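Novice: Dropping in target.pdb, which is PDB, C-alpha atoms:
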ATOM      1  CA  MET A  25      21.862 -25.360  -6.484
ATOM      2  CA  ILE A  26      24.513 -23.136  -8.038
ATOM      3  CA  TRP A  27      27.326 -24.886  -6.182
ATOM      4  CA  MET A  28      25.885 -28.292  -7.031
ATOM      5  CA  ILE A  29      25.982 -27.338 -10.721
ATOM      6  CA  CYS A  30      29.545 -26.080 -10.258
ATOM      7  CA  ALA A  31      30.627 -29.414  -8.707
ATOM      8  CA  LEU A  32      28.985 -31.407 -11.507
ATOM      9  CA  LEU A  33      30.680 -29.187 -14.111
ATOM     10  CA  LEU A  34      34.085 -29.782 -12.516
ATOM     11  CA  MET A  35      33.443 -33.528 -12.487
ATOM     12  CA  TYR A  36      32.651 -33.345 -16.188
ATOM     13  CA  LEU A  37      35.831 -31.354 -16.941
ATOM     14  CA  GLY A  38      38.076 -33.434 -14.662
ATOM     15  CA  PRO A  39      40.440 -36.209 -15.793
ATOM     16  CA  ARG A  40      38.613 -39.174 -17.301
ATOM     17  CA  SER A  41      41.080 -41.648 -15.812
ATOM     18  CA  TRP A  42      40.195 -40.778 -12.203
ATOM     19  CA  SER A  43      37.748 -42.909 -10.256
ATOM     20  CA  TYR A  44      34.313 -41.440  -9.588
ATOM     21  CA  ALA A  45      34.970 -41.219  -5.846
ATOM     22  CA  HIS A  46      38.313 -39.476  -6.378
ATOM     23  CA  LEU A  47      36.766 -37.160  -8.973
ATOM     24  CA  LEU A  48      33.837 -36.311  -6.677
ATOM     25  CA  ILE A  49      36.084 -35.402  -3.717
ATOM     26  CA  TRP A  50      38.276 -33.262  -5.980
ATOM     27  CA  ALA A  51      35.249 -31.447  -7.464
ATOM     28  CA  LEU A  52      33.733 -30.800  -4.028
ATOM     29  CA  SER A  53      37.061 -29.481  -2.677
ATOM     30  CA  ASN A  54      37.421 -26.986  -5.528
ATOM     31  CA  THR A  55      33.750 -26.016  -5.280
ATOM     32  CA  ALA A  56      34.213 -25.319  -1.566
ATOM     33  CA  ILE A  57      37.022 -22.862  -2.350
ATOM     34  CA  TYR A  58      34.851 -21.037  -4.921
ATOM     35  CA  ALA A  59      31.996 -20.934  -2.405
ATOM     36  CA  ILE A  60      34.226 -19.537   0.366
ATOM     37  CA  CYS A  61      35.536 -16.748  -1.875
ATOM     38  CA  CYS A  62      32.073 -15.827  -3.159
ATOM     39  CA  ASN A  63      30.578 -15.786   0.337
ATOM     40  CA  LEU A  64      33.417 -13.647   1.656
ATOM     41  CA  ASN A  65      32.643 -11.264  -1.192
ATOM     42  CA  LEU A  66      28.861 -11.208  -0.714
ATOM     43  CA  ILE A  67      28.792 -11.195   3.087
ATOM     44  CA  LEU A  68      31.822  -9.036   3.908
ATOM     45  CA  PHE A  69      33.428  -7.140   1.028
ATOM     46  CA  PHE A  70      30.332  -6.178  -0.993
ATOM     47  CA  PRO A  71      28.242  -4.665   1.864
ATOM     48  CA  GLN A  72      31.191  -3.192   3.790
ATOM     49  CA  PHE A  73      33.165  -1.616   0.972
ATOM     50  CA  LEU A  74      31.414  -1.512  -2.405
ATOM     51  CA  LYS A  75      28.043  -0.374  -1.042
ATOM     52  CA  ASN A  76      29.779   2.376   0.887
ATOM     53  CA  GLY A  77      31.587   3.639  -2.196
ATOM     54  CA  SER A  78      35.052   2.303  -1.271
ATOM     55  CA  PHE A  79      35.700   0.727  -4.656
ATOM     56  CA  LEU A  80      39.507   0.564  -4.375
ATOM     57  CA  ILE A  81      39.357  -1.131  -0.966
ATOM     58  CA  TYR A  82      36.760  -3.537  -2.327
ATOM     59  CA  LEU A  83      38.887  -4.367  -5.378
ATOM     60  CA  GLY A  84      41.985  -4.820  -3.214
ATOM     61  CA  SER A  85      40.106  -7.156  -0.864
ATOM     62  CA  LEU A  86      38.854  -9.189  -3.800
ATOM     63  CA  LEU A  87      42.311  -9.500  -5.395
ATOM     64  CA  GLY A  88      43.912 -10.318  -2.042
ATOM     65  CA  THR A  89      41.407 -13.104  -1.394
ATOM     66  CA  CYS A  90      42.039 -14.597  -4.828
ATOM     67  CA  LEU A  91      45.820 -14.364  -4.330
ATOM     68  CA  ILE A  92      45.497 -16.308  -1.052
ATOM     69  CA  PHE A  93      43.149 -19.029  -2.253
ATOM     70  CA  ALA A  94      44.658 -19.594  -5.736
ATOM     71  CA  PRO A  95      47.896 -21.201  -4.372
ATOM     72  CA  LEU A  96      45.831 -23.169  -1.849
ATOM     73  CA  GLN A  97      43.637 -24.495  -4.643
ATOM     74  CA  SER A  98      46.739 -25.420  -6.687
ATOM     75  CA  LEU A  99      48.237 -27.323  -3.717
ATOM     76  CA  ILE A 100      45.014 -29.262  -3.167
ATOM     77  CA  ASN A 101      44.837 -30.150  -6.852
ATOM     78  CA  GLN A 102      48.522 -31.156  -6.868
ATOM     79  CA  TYR A 103      47.804 -33.490  -3.955
ATOM     80  CA  PHE A 104      45.035 -35.180  -5.944
ATOM     81  CA  CYS A 105      47.269 -35.442  -9.015
ATOM     82  CA  ASN A 106      50.090 -37.055  -7.031
ATOM     83  CA  HIS A 107      47.764 -39.907  -6.091
ATOM     84  CA  GLU A 108      47.091 -40.741  -9.733
ATOM     85  CA  SER A 109      49.444 -42.578 -12.063
ATOM     86  CA  GLU A 110      48.576 -40.552 -15.155
ATOM     87  CA  HIS A 111      49.720 -36.965 -15.674
ATOM     88  CA  CYS A 112      47.102 -34.307 -14.830
ATOM     89  CA  MET A 113      46.041 -31.592 -17.221
ATOM     90  CA  ASP A 114      48.063 -28.403 -16.826
ATOM     91  CA  TRP A 115      45.145 -26.152 -15.827
ATOM     92  CA  ILE A 116      44.381 -28.278 -12.742
ATOM     93  CA  THR A 117      47.587 -27.178 -10.987
ATOM     94  CA  ASP A 118      48.097 -23.796 -12.683
ATOM     95  CA  GLN A 119      47.978 -20.993 -10.077
ATOM     96  CA  ARG A 120      47.335 -18.290 -12.692
ATOM     97  CA  PHE A 121      44.334 -20.184 -14.032
ATOM     98  CA  HIS A 122      42.878 -20.575 -10.525
ATOM     99  CA  PHE A 123      43.512 -16.908  -9.699
ATOM    100  CA  ILE A 124      41.662 -15.802 -12.833
ATOM    101  CA  SER A 125      38.810 -18.295 -12.318
ATOM    102  CA  LEU A 126      38.375 -17.232  -8.673
ATOM    103  CA  PHE A 127      38.385 -13.550  -9.577
ATOM    104  CA  VAL A 128      35.895 -14.058 -12.427
ATOM    105  CA  THR A 129      33.587 -16.171 -10.226
ATOM    106  CA  THR A 130      33.550 -13.666  -7.355
ATOM    107  CA  SER A 131      33.003 -10.801  -9.808
ATOM    108  CA  ILE A 132      30.032 -12.628 -11.326
ATOM    109  CA  SER A 133      28.583 -13.053  -7.838
ATOM    110  CA  THR A 134      28.810  -9.270  -7.403
ATOM    111  CA  LEU A 135      27.089  -8.633 -10.732
ATOM    112  CA  ALA A 136      24.337 -11.044  -9.714
ATOM    113  CA  ARG A 137      23.940  -9.447  -6.282
ATOM    114  CA  ILE A 138      23.471  -5.866  -7.521
ATOM    115  CA  PRO A 139      20.126  -6.416  -9.352
ATOM    116  CA  LEU A 140      18.889  -8.677  -6.545
ATOM    117  CA  ASP A 141      19.592  -5.961  -3.979
ATOM    118  CA  TRP A 142      17.857  -3.414  -6.207
ATOM    119  CA  ILE A 143      14.764  -5.644  -6.449
ATOM    120  CA  ASN A 144      14.745  -6.139  -2.671
ATOM    121  CA  ALA A 145      15.087  -2.399  -2.133
ATOM    122  CA  GLN A 146      12.140  -1.751  -4.453
ATOM    123  CA  GLN A 147      10.033  -4.344  -2.631
ATOM    124  CA  GLU A 148      10.902  -2.830   0.737
ATOM    125  CA  LYS A 149      10.083   0.627  -0.602
ATOM    126  CA  GLN A 150       6.730  -0.596  -1.916
ATOM    127  CA  SER A 151       5.986  -2.319   1.394
ATOM    128  CA  LEU A 152       6.836   0.853   3.305
ATOM    129  CA  GLN A 153       4.629   2.940   1.017
ATOM    130  CA  THR A 154       1.758   0.490   1.520
ATOM    131  CA  LYS A 155       2.161   0.637   5.304
ATOM    132  CA  ASN A 156       2.288   4.444   5.190
ATOM    133  CA  ILE A 157      -0.883   4.554   3.086
ATOM    134  CA  GLU A 158      -2.676   2.180   5.473
ATOM    135  CA  ALA A 159      -1.591   4.266   8.446
ATOM    136  CA  GLU A 160      -2.741   7.467   6.748
ATOM    137  CA  LEU A 161      -6.101   5.919   5.828
ATOM    138  CA  ASN A 162      -6.664   4.804   9.416
ATOM    139  CA  TYR A 163      -5.698   8.272  10.623
ATOM    140  CA  LEU A 164      -8.136   9.919   8.219
ATOM    141  CA  LYS A 165     -10.952   7.556   9.202
ATOM    142  CA  ASN A 166     -10.314   8.249  12.878
ATOM    143  CA  GLN A 167     -10.598  11.947  12.138
ATOM    144  CA  ILE A 168     -13.968  11.498  10.417
ATOM    145  CA  ASN A 169     -15.627   9.510  13.202
ATOM    146  CA  PRO A 170     -15.135  12.031  16.061
ATOM    147  CA  HIS A 171     -16.192  14.813  13.700
ATOM    148  CA  PHE A 172     -19.538  13.094  13.123
ATOM    149  CA  LEU A 173     -19.994  12.142  16.776
ATOM    150  CA  PHE A 174     -19.442  15.728  17.826
ATOM    151  CA  ASN A 175     -22.289  16.910  15.578
ATOM    152  CA  THR A 176     -24.666  14.121  16.608
ATOM    153  CA  LEU A 177     -24.101  14.559  20.335
ATOM    154  CA  ASN A 178     -24.887  18.238  19.934
ATOM    155  CA  ASN A 179     -28.214  17.230  18.377
ATOM    156  CA  LEU A 180     -28.926  14.843  21.251
ATOM    157  CA  TYR A 181     -28.075  17.552  23.767
ATOM    158  CA  ALA A 182     -30.489  19.976  22.069
ATOM    159  CA  LEU A 183     -33.323  17.417  22.182
ATOM    160  CA  SER A 184     -32.676  16.580  25.804
ATOM    161  CA  LEU A 185     -32.980  20.266  26.696
ATOM    162  CA  LYS A 186     -36.370  20.335  24.966
ATOM    163  CA  LYS A 187     -37.336  17.013  26.621
ATOM    164  CA  SER A 188     -38.404  15.807  23.216
ATOM    165  CA  ASP A 189     -40.221  12.471  22.840
ATOM    166  CA  ARG A 190     -38.060  11.801  19.789
ATOM    167  CA  ALA A 191     -34.856  11.532  21.849
ATOM    168  CA  PRO A 192     -35.154   7.711  22.317
ATOM    169  CA  ASP A 193     -35.466   7.246  18.543
ATOM    170  CA  LEU A 194     -32.344   9.373  18.047
ATOM    171  CA  ILE A 195     -30.440   7.253  20.562
ATOM    172  CA  LEU A 196     -31.444   4.015  18.797
ATOM    173  CA  LYS A 197     -30.354   5.337  15.434
ATOM    174  CA  LEU A 198     -27.106   6.598  16.908
ATOM    175  CA  SER A 199     -26.503   3.160  18.431
ATOM    176  CA  ASP A 200     -27.061   1.532  15.045
ATOM    177  CA  MET A 201     -24.617   3.939  13.414
ATOM    178  CA  LEU A 202     -21.971   3.421  16.111
ATOM    179  CA  ARG A 203     -22.245  -0.336  15.638
ATOM    180  CA  TYR A 204     -21.607   0.133  11.936
ATOM    181  CA  MET A 205     -18.650   2.458  12.545
ATOM    182  CA  LEU A 206     -17.025   0.268  15.199
ATOM    183  CA  TYR A 207     -17.470  -3.205  13.732
ATOM    184  CA  GLU A 208     -17.960  -2.938   9.970
ATOM    185  CA  CYS A 209     -15.877   0.092   9.028
ATOM    186  CA  ASN A 210     -12.696  -1.743   9.999
ATOM    187  CA  GLU A 211     -12.911  -3.569   6.665
ATOM    188  CA  GLU A 212     -11.294  -2.088   3.576
ATOM    189  CA  GLN A 213     -14.633  -2.163   1.767
ATOM    190  CA  VAL A 214     -18.262  -2.459   2.825
ATOM    191  CA  LEU A 215     -21.472  -3.133   0.959
ATOM    192  CA  LEU A 216     -22.872  -0.001  -0.642
ATOM    193  CA  ASP A 217     -26.299  -0.980   0.722
ATOM    194  CA  LYS A 218     -25.005  -0.776   4.306
ATOM    195  CA  GLU A 219     -23.283   2.516   3.615
ATOM    196  CA  ILE A 220     -26.574   3.934   2.311
ATOM    197  CA  HIS A 221     -28.407   2.614   5.382
ATOM    198  CA  TYR A 222     -25.885   4.468   7.523
ATOM    199  CA  ILE A 223     -26.482   7.645   5.490
ATOM    200  CA  LYS A 224     -30.274   7.322   5.870
ATOM    201  CA  ASN A 225     -29.873   7.055   9.648
ATOM    202  CA  TYR A 226     -27.709  10.148   9.581
ATOM    203  CA  ILE A 227     -30.324  12.050   7.577
ATOM    204  CA  GLU A 228     -33.098  11.019   9.979
ATOM    205  CA  LEU A 229     -31.026  12.237  12.912
ATOM    206  CA  GLU A 230     -30.406  15.568  11.228
ATOM    207  CA  LYS A 231     -34.081  15.956  10.322
ATOM    208  CA  ILE A 232     -34.977  15.917  14.019
ATOM    209  CA  ARG A 233     -33.277  19.239  14.662
ATOM    210  CA  LEU A 234     -34.078  20.869  11.313
ATOM    211  CA  SER A 235     -37.051  22.791  10.077
ATOM    212  CA  GLN A 236     -39.744  20.545   8.623
ATOM    213  CA  ASN A 237     -39.841  22.864   5.607
ATOM    214  CA  ALA A 238     -36.398  21.781   4.422
ATOM    215  CA  ASP A 239     -36.550  19.660   1.256
ATOM    216  CA  ILE A 240     -34.329  16.628   1.926
ATOM    217  CA  ARG A 241     -34.444  13.776  -0.583
ATOM    218  CA  ILE A 242     -32.433  10.641  -1.268
ATOM    219  CA  GLU A 243     -32.865   8.675  -4.489
ATOM    220  CA  ILE A 244     -31.447   5.187  -5.111
ATOM    221  CA  ASN A 245     -31.175   3.719  -8.622
ATOM    222  CA  GLY A 246     -29.728   0.279  -9.375
ATOM    223  CA  ASP A 247     -28.715  -2.711  -7.261
ATOM    224  CA  THR A 248     -26.759  -1.546  -4.216
ATOM    225  CA  THR A 249     -26.458  -5.008  -2.639
ATOM    226  CA  ARG A 250     -23.802  -6.380  -5.005
ATOM    227  CA  CYS A 251     -21.041  -3.785  -4.924
ATOM    228  CA  LYS A 252     -18.641  -2.462  -2.314
ATOM    229  CA  VAL A 253     -17.087   0.899  -1.493
ATOM    230  CA  ALA A 254     -14.657   2.286   1.041
ATOM    231  CA  PRO A 255     -16.489   2.863   4.351
ATOM    232  CA  LEU A 256     -17.605   6.385   5.269
ATOM    233  CA  ILE A 257     -16.535   7.715   1.878
ATOM    234  CA  PHE A 258     -19.779   9.636   1.207
ATOM    235  CA  ILE A 259     -20.733  10.919   4.659
ATOM    236  CA  PRO A 260     -18.335  13.931   4.710
ATOM    237  CA  PHE A 261     -20.059  15.335   1.602
ATOM    238  CA  ILE A 262     -23.441  14.914   3.281
ATOM    239  CA  GLU A 263     -22.217  16.447   6.543
ATOM    240  CA  ASN A 264     -20.930  19.400   4.562
ATOM    241  CA  SER A 265     -24.316  19.883   2.885
ATOM    242  CA  PHE A 266     -26.196  19.835   6.183
ATOM    243  CA  LYS A 267     -23.684  22.231   7.696
ATOM    244  CA  HIS A 268     -23.726  24.816   4.920
ATOM    245  CA  GLY A 269     -26.862  24.099   2.884
ATOM    246  CA  LEU A 270     -29.460  24.372   5.631
ATOM    247  CA  LYS A 271     -27.787  27.032   7.741
ATOM    248  CA  ASN A 272     -30.340  29.708   6.876
ATOM    249  CA  GLY A 273     -33.279  27.369   7.600
ATOM    250  CA  ASN A 274     -35.685  29.062   5.189
ATOM    251  CA  GLN A 275     -38.333  27.351   3.070
ATOM    252  CA  GLU A 276     -36.083  27.252   0.019
ATOM    253  CA  SER A 277     -33.402  25.158   1.733
ATOM    254  CA  PHE A 278     -32.851  21.753   0.178
ATOM    255  CA  ILE A 279     -30.510  18.791  -0.031
ATOM    256  CA  HIS A 280     -30.901  16.317  -2.882
ATOM    257  CA  ILE A 281     -28.883  13.080  -2.781
ATOM    258  CA  LYS A 282     -28.749  10.525  -5.565
ATOM    259  CA  PHE A 283     -27.031   7.132  -5.925
ATOM    260  CA  THR A 284     -26.893   5.401  -9.299
ATOM    261  CA  VAL A 285     -25.333   1.944  -9.721
ATOM    262  CA  ASN A 286     -24.568   0.512 -13.162
ATOM    263  CA  ASN A 287     -21.069  -0.087 -14.474
ATOM    264  CA  ASN A 288     -19.932   2.615 -12.051
ATOM    265  CA  ILE A 289     -21.110   3.966  -8.728
ATOM    266  CA  SER A 290     -22.354   7.512  -9.200
ATOM    267  CA  PHE A 291     -23.061   9.748  -6.224
ATOM    268  CA  SER A 292     -24.328  13.294  -6.406
ATOM    269  CA  ILE A 293     -25.445  15.737  -3.756
ATOM    270  CA  CYS A 294     -26.792  19.198  -4.376
ATOM    271  CA  ASN A 295     -27.681  21.658  -1.639
ATOM    272  CA  SER A 296     -28.845  25.221  -1.374
ATOM    273  CA  LYS A 297     -26.383  27.788  -0.113
ATOM    274  CA  SER A 298     -26.899  30.130   2.803
ATOM    275  CA  GLN A 299     -28.100  33.532   1.794
ATOM    276  CA  ILE A 300     -25.688  36.412   2.316
ATOM    277  CA  ILE A 301     -26.828  38.554   5.209
ATOM    278  CA  PRO A 302     -26.116  42.273   4.758
ATOM    279  CA  GLY A 303     -23.078  43.297   6.750
ATOM    280  CA  PHE A 304     -21.597  39.781   6.803
ATOM    281  CA  ARG A 305     -19.277  38.061   4.351
ATOM    282  CA  GLN A 306     -20.008  34.560   3.103
ATOM    283  CA  SER A 307     -17.342  31.996   4.010
ATOM    284  CA  GLN A 308     -15.200  31.098   1.037
ATOM    285  CA  ASN A 309     -14.125  27.812   2.564
ATOM    286  CA  ILE A 310     -17.216  25.649   2.202
ATOM    287  CA  GLY A 311     -16.373  22.453   4.012
ATOM    288  CA  GLY A 312     -13.566  21.643   6.382
ATOM    289  CA  ILE A 313     -11.731  18.696   7.816
ATOM    290  CA  GLY A 314     -14.326  16.217   6.497
ATOM    291  CA  LEU A 315     -14.024  17.218   2.842
ATOM    292  CA  THR A 316     -10.243  17.495   3.021
ATOM    293  CA  ASN A 317      -9.996  13.999   4.458
ATOM    294  CA  VAL A 318     -12.368  12.385   2.000
ATOM    295  CA  GLN A 319     -10.445  13.810  -0.961
ATOM    296  CA  LYS A 320      -7.208  12.367   0.457
ATOM    297  CA  ARG A 321      -8.901   9.007   1.006
ATOM    298  CA  LEU A 322     -10.225   8.970  -2.549
ATOM    299  CA  MET A 323      -6.727   9.572  -3.916
ATOM    300  CA  LEU A 324      -5.179   6.905  -1.695
ATOM    301  CA  ILE A 325      -7.829   4.213  -2.222
ATOM    302  CA  TYR A 326      -9.094   4.680  -5.765
ATOM    303  CA  GLN A 327      -6.141   6.516  -7.349
ATOM    304  CA  GLU A 328      -7.144   6.850 -11.029
ATOM    305  CA  ASN A 329     -10.473   5.006 -10.649
ATOM    306  CA  TYR A 330     -12.640   7.919  -9.575
ATOM    307  CA  VAL A 331     -13.797  11.321 -10.825
ATOM    308  CA  LEU A 332     -14.760  14.088  -8.406
ATOM    309  CA  LYS A 333     -16.396  17.273  -9.648
ATOM    310  CA  VAL A 334     -17.415  20.247  -7.509
ATOM    311  CA  ILE A 335     -19.817  22.818  -8.941
ATOM    312  CA  ASN A 336     -19.996  25.949  -6.821
ATOM    313  CA  GLN A 337     -22.737  28.266  -8.019
ATOM    314  CA  PRO A 338     -24.167  31.375  -6.339
ATOM    315  CA  ASP A 339     -27.281  29.575  -5.027
ATOM    316  CA  THR A 340     -26.273  25.898  -5.046
ATOM    317  CA  TYR A 341     -23.321  23.675  -4.254
ATOM    318  CA  THR A 342     -23.090  20.356  -6.101
ATOM    319  CA  ILE A 343     -20.706  17.436  -5.785
ATOM    320  CA  ASN A 344     -20.593  14.623  -8.333
ATOM    321  CA  LEU A 345     -18.499  11.556  -7.531
ATOM    322  CA  THR A 346     -18.090   8.602  -9.892
ATOM    323  CA  ILE A 347     -16.236   5.472  -8.792
ATOM    324  CA  ASN A 348     -15.146   2.971 -11.405
ATOM    325  CA  GLN A 349     -16.278  -0.509 -10.384
ATOM    326  CA  LYS A 350     -13.917  -2.335 -12.764
ATOM    327  CA  ASP A 351     -11.244  -2.827 -10.104
ATOM    328  CA  GLN A 352     -13.617  -2.912  -7.133
ATOM    329  CA  ILE A 353     -14.859  -5.987  -5.302
ATOM    330  CA  LYS A 354     -18.243  -7.359  -6.287
ATOM    331  CA  ILE A 355     -20.144 -10.210  -4.693
TER     332      ILE A 355
END
Could you take the file, read its structure, and then write that structure out as C-alpha cells?
Specialist:
Amino acid sequence: MIWMICALLLMYLGPRSWSYAHLLIWALSNTAIYAICCNLNLILFFPQFLKNGSFLIYLGSLLGTCLIFAPLQSLINQYFCNHESEHCMDWITDQRFHFISLFVTTSISTLARIPLDWINAQQEKQSLQTKNIEAELNYLKNQINPHFLFNTLNNLYALSLKKSDRAPDLILKLSDMLRYMLYECNEEQVLLDKEIHYIKNYIELEKIRLSQNADIRIEINGDTTRCKVAPLIFIPFIENSFKHGLKNGNQESFIHIKFTVNNNISFSICNSKSQIIPGFRQSQNIGGIGLTNVQKRLMLIYQENYVLKVINQPDTYTINLTINQKDQIKI
C-alpha cells in the first residue's frame, strides 16, 4: 500500500505532457528503486548493524546504497526524458535530489521500524509471560493432586486393615473425586457448585477415619450454581485444617467451613489448634506445600481481585478468602 501511494504521488508530480502509460512506467521504475533501498535497509542493514550497535557501519551502508542508486535513478529518468519532446523538470534528472530523497526515505523506514519492533518485542514478552504463568499453574495443580491422593490412600489403607464395611463407600467417593480432578479440573474455571461437591466428598472421606466427636460443619449461603472459580483453589486450606486442626482428636476439635456468594465469593475456614503437649514444641509452620501452592495460584490467577487473610490465634486458626466476581465468568 505504501509503495502504491508512492507511485501515485510520483505520477501526480510528474510532467503533465507525458502520456499516462509513459508516466506510469516512469513512476513504477522510480518506486522500485525506493523499495529496493528501503528493503535493503530493513532486511539487511537495520538488523545486522543498527540493532547490534554498529551505528557508523549502518550509516556508511545507508549512504553507500544511496550513492549507488542515485546515479542509476538519474540515468533511468534521463532515458524517459529523452523520449519526450518537451524539456523535463530539473529535479527528475538531478542526482543530488535523488540522493537526498533516497536517504530521507530509507531513514523514515528506519524510524517506522523501531516502534514496530518495540511493539512486537512487547507482544512476544507478554506471550512468553502468559505461557510461563500457564506452565506454573499446571505445575502447581499437579503438585496439589498427588498431595491429596497420598492422604486419601492412607485413609483407604487404614480402613482396609480394619476390614471396615465403609471401605466401599470411600472407594466410590474417591472415584467421584478422581473423575472431577481428571476431567473437569483441566478447565481454567469450574462451577463453584461442583467445587463444593468435591469438598463435601473430601470431608466425608476424612470423617471416616476421624473421631465422631469432632465438630465438622460446612455452611453454604447464596447461589453457587451461577459462578465459577479456579479448580481446587479451596481444598489446600481444608486439607491444612484437617491436618493440623484435628491432630489431637479431643472433643473440642472442630472445623467450620462457610461459603457465601453475593457480589463476591467469600470462603472462610476456622479450625481448632492442637494442644501443646508438655515436652514438645508446637510447629510454627502450620501448613506446607498445599498452602504455599494455593497462595501462588491466587496471585497468578486473580492478581488484584482477591483478599486473603490469615488469623493465627493461640486456640484457633482462621482463613478468610474473598474473590471479586467482577472479572470472573458467570453463567
Novice: Here is a test: counting only C-alpha atoms, which residue of A:Asn329, A:Gln72, A:Gln213, A:Asn287 is nearest to Ser85 in chain A?
Specialist: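 Selected residue with least distance to Ser85 in chain A: A:Gln72.
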Novice: Which one of A:Asp189, A:Glu219, A:Glu263, A:Glu230 sits closest to Tyr204 in chain A if you count all atoms listed in the file?
Specialist: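 Closest candidate: A:Glu219.
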Novice: Which residues are near Arg203 in chain A? Cut-off 12 Å, all atoms listed in the file, ignore same chain within fewer than 6 positions. Put them as a PDB file with C-alpha atoms, in the coordinates of the input.
Specialist:
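Generated file (selection-v1.pdb):
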ATOM      1  CA  LEU A 196     -31.444   4.015  18.797  1.00  0.00           C
ATOM      2  CA  LYS A 197     -30.354   5.337  15.434  1.00  0.00           C
ATOM      3  CA  CYS A 209     -15.877   0.092   9.028  1.00  0.00           C
ATOM      4  CA  ASN A 210     -12.696  -1.743   9.999  1.00  0.00           C
ATOM      5  CA  LYS A 218     -25.005  -0.776   4.306  1.00  0.00           C
ATOM      6  CA  TYR A 222     -25.885   4.468   7.523  1.00  0.00           C
TER       7      TYR A 222
END
Novice: Just give me the gap between CA of Thr130 in chain A and CA of Leu47 in chain A in Å, one decimal is fine.
Specialist: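 CA of Leu47 in chain A lies at a distance of 23.8 Å from CA of Thr130 in chain A.
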Novice: Report as a list in words the residues that result from applying the PyMOL selection byres ((chain A and resi 37) around 12) to the structure here.
Specialist: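 On the file shown, the PyMOL selection byres ((chain A and resi 37) around 12) covers Cys30, Ala31, Leu32, Leu33, Leu34, Met35, Tyr36, Gly38, Pro39, Arg40, Ser41, Trp42, Leu47, Leu48, Trp50, Ala51, Cys112, Met113, Trp115 and Ile116 of chain A.
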Novice: Please, what distance in Å, to one decimal, runs between CA of Lys186 in chain A and CA of Tyr226 in chain A?
Specialist: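 The value is 20.4 Å.
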Novice: One number please: CA of Gly269 in chain A to CA of Ile227 in chain A, in Å, one decimal.
Specialist: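 Distance between the two atoms: 13.4 Å.
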Novice: Which of these, A:Gln327, A:Ser43, A:Gln97, A:Asn317, has the shortest distance to Ile57 in chain A once you count all atoms listed in the file?
Specialist: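 Residue with the minimum atom-to-atom distance to Ile57 in chain A: A:Gln97.
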Novice: Which residues match the PyMOL selection byres ((chain A and resi 246) around 7) in the file above, as a compact mmCIF listing (two decimals) with C-alpha atoms, in the coordinates of the input?
Specialist:
# COMPACT_ATOMS: atom_id res chain seq x y z
CA ILE A 244 -31.45 5.19 -5.11
CA ASN A 245 -31.18 3.72 -8.62
CA ASP A 247 -28.72 -2.71 -7.26
CA THR A 248 -26.76 -1.55 -4.22
CA THR A 284 -26.89 5.40 -9.30
CA VAL A 285 -25.33 1.94 -9.72
CA ASN A 286 -24.57 0.51 -13.16
Novice: I'd like to see the residues matched by the PyMOL selection byres ((chain A and resi 330) around 10) on this file, and ideally I'd get them as a CSV table (one decimal) with C-alpha atoms, in the frame of the given file.
Specialist:
chain,number,residue,atom,x,y,z
A,288,ASN,CA,-19.9,2.6,-12.1
A,289,ILE,CA,-21.1,4.0,-8.7
A,290,SER,CA,-22.4,7.5,-9.2
A,322,LEU,CA,-10.2,9.0,-2.5
A,323,MET,CA,-6.7,9.6,-3.9
A,325,ILE,CA,-7.8,4.2,-2.2
A,326,TYR,CA,-9.1,4.7,-5.8
A,327,GLN,CA,-6.1,6.5,-7.3
A,328,GLU,CA,-7.1,6.8,-11.0
A,329,ASN,CA,-10.5,5.0,-10.6
A,331,VAL,CA,-13.8,11.3,-10.8
A,332,LEU,CA,-14.8,14.1,-8.4
A,345,LEU,CA,-18.5,11.6,-7.5
A,346,THR,CA,-18.1,8.6,-9.9
A,347,ILE,CA,-16.2,5.5,-8.8
A,348,ASN,CA,-15.1,3.0,-11.4
A,349,GLN,CA,-16.3,-0.5,-10.4
Novice: I need the residue nearest Phe291 in chain A from this list: A:Leu86, A:Lys252, A:Ser265, A:Asn344. Use all atoms listed in the file for the distance.
Specialist: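 Of the candidates, the smallest distance to Phe291 in chain A is held by A:Asn344.
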Novice: What's the 12 Å shell around Leu99 in chain A, counting only C-alpha atoms, without same-chain residues fewer than 2 positions away, as a ChimeraX atom specification?
Specialist: /A:50,53-54,92-97,101-106,116-119,122
Novice: Would you put the residues from that selection into a file with C-alpha atoms, as a JSON list (two decimals), in the coordinates of the input?
Specialist:
[["chain", "number", "residue", "atom", "x", "y", "z"],
["A", 50, "TRP", "CA", 38.28, -33.26, -5.98],
["A", 53, "SER", "CA", 37.06, -29.48, -2.68],
["A", 54, "ASN", "CA", 37.42, -26.99, -5.53],
["A", 92, "ILE", "CA", 45.50, -16.31, -1.05],
["A", 93, "PHE", "CA", 43.15, -19.03, -2.25],
["A", 94, "ALA", "CA", 44.66, -19.59, -5.74],
["A", 95, "PRO", "CA", 47.90, -21.20, -4.37],
["A", 96, "LEU", "CA", 45.83, -23.17, -1.85],
["A", 97, "GLN", "CA", 43.64, -24.50, -4.64],
["A", 101, "ASN", "CA", 44.84, -30.15, -6.85],
["A", 102, "GLN", "CA", 48.52, -31.16, -6.87],
["A", 103, "TYR", "CA", 47.80, -33.49, -3.96],
["A", 104, "PHE", "CA", 45.04, -35.18, -5.94],
["A", 105, "CYS", "CA", 47.27, -35.44, -9.02],
["A", 106, "ASN", "CA", 50.09, -37.06, -7.03],
["A", 116, "ILE", "CA", 44.38, -28.28, -12.74],
["A", 117, "THR", "CA", 47.59, -27.18, -10.99],
["A", 118, "ASP", "CA", 48.10, -23.80, -12.68],
["A", 119, "GLN", "CA", 47.98, -20.99, -10.08],
["A", 122, "HIS", "CA", 42.88, -20.58, -10.52]]
Novice: Would you please work out which residue, of A:Ile100, A:Pro71, A:Asn65, A:Leu180, is nearest to Leu126 in chain A when using all atoms listed in the file?
Specialist: A:Asn65
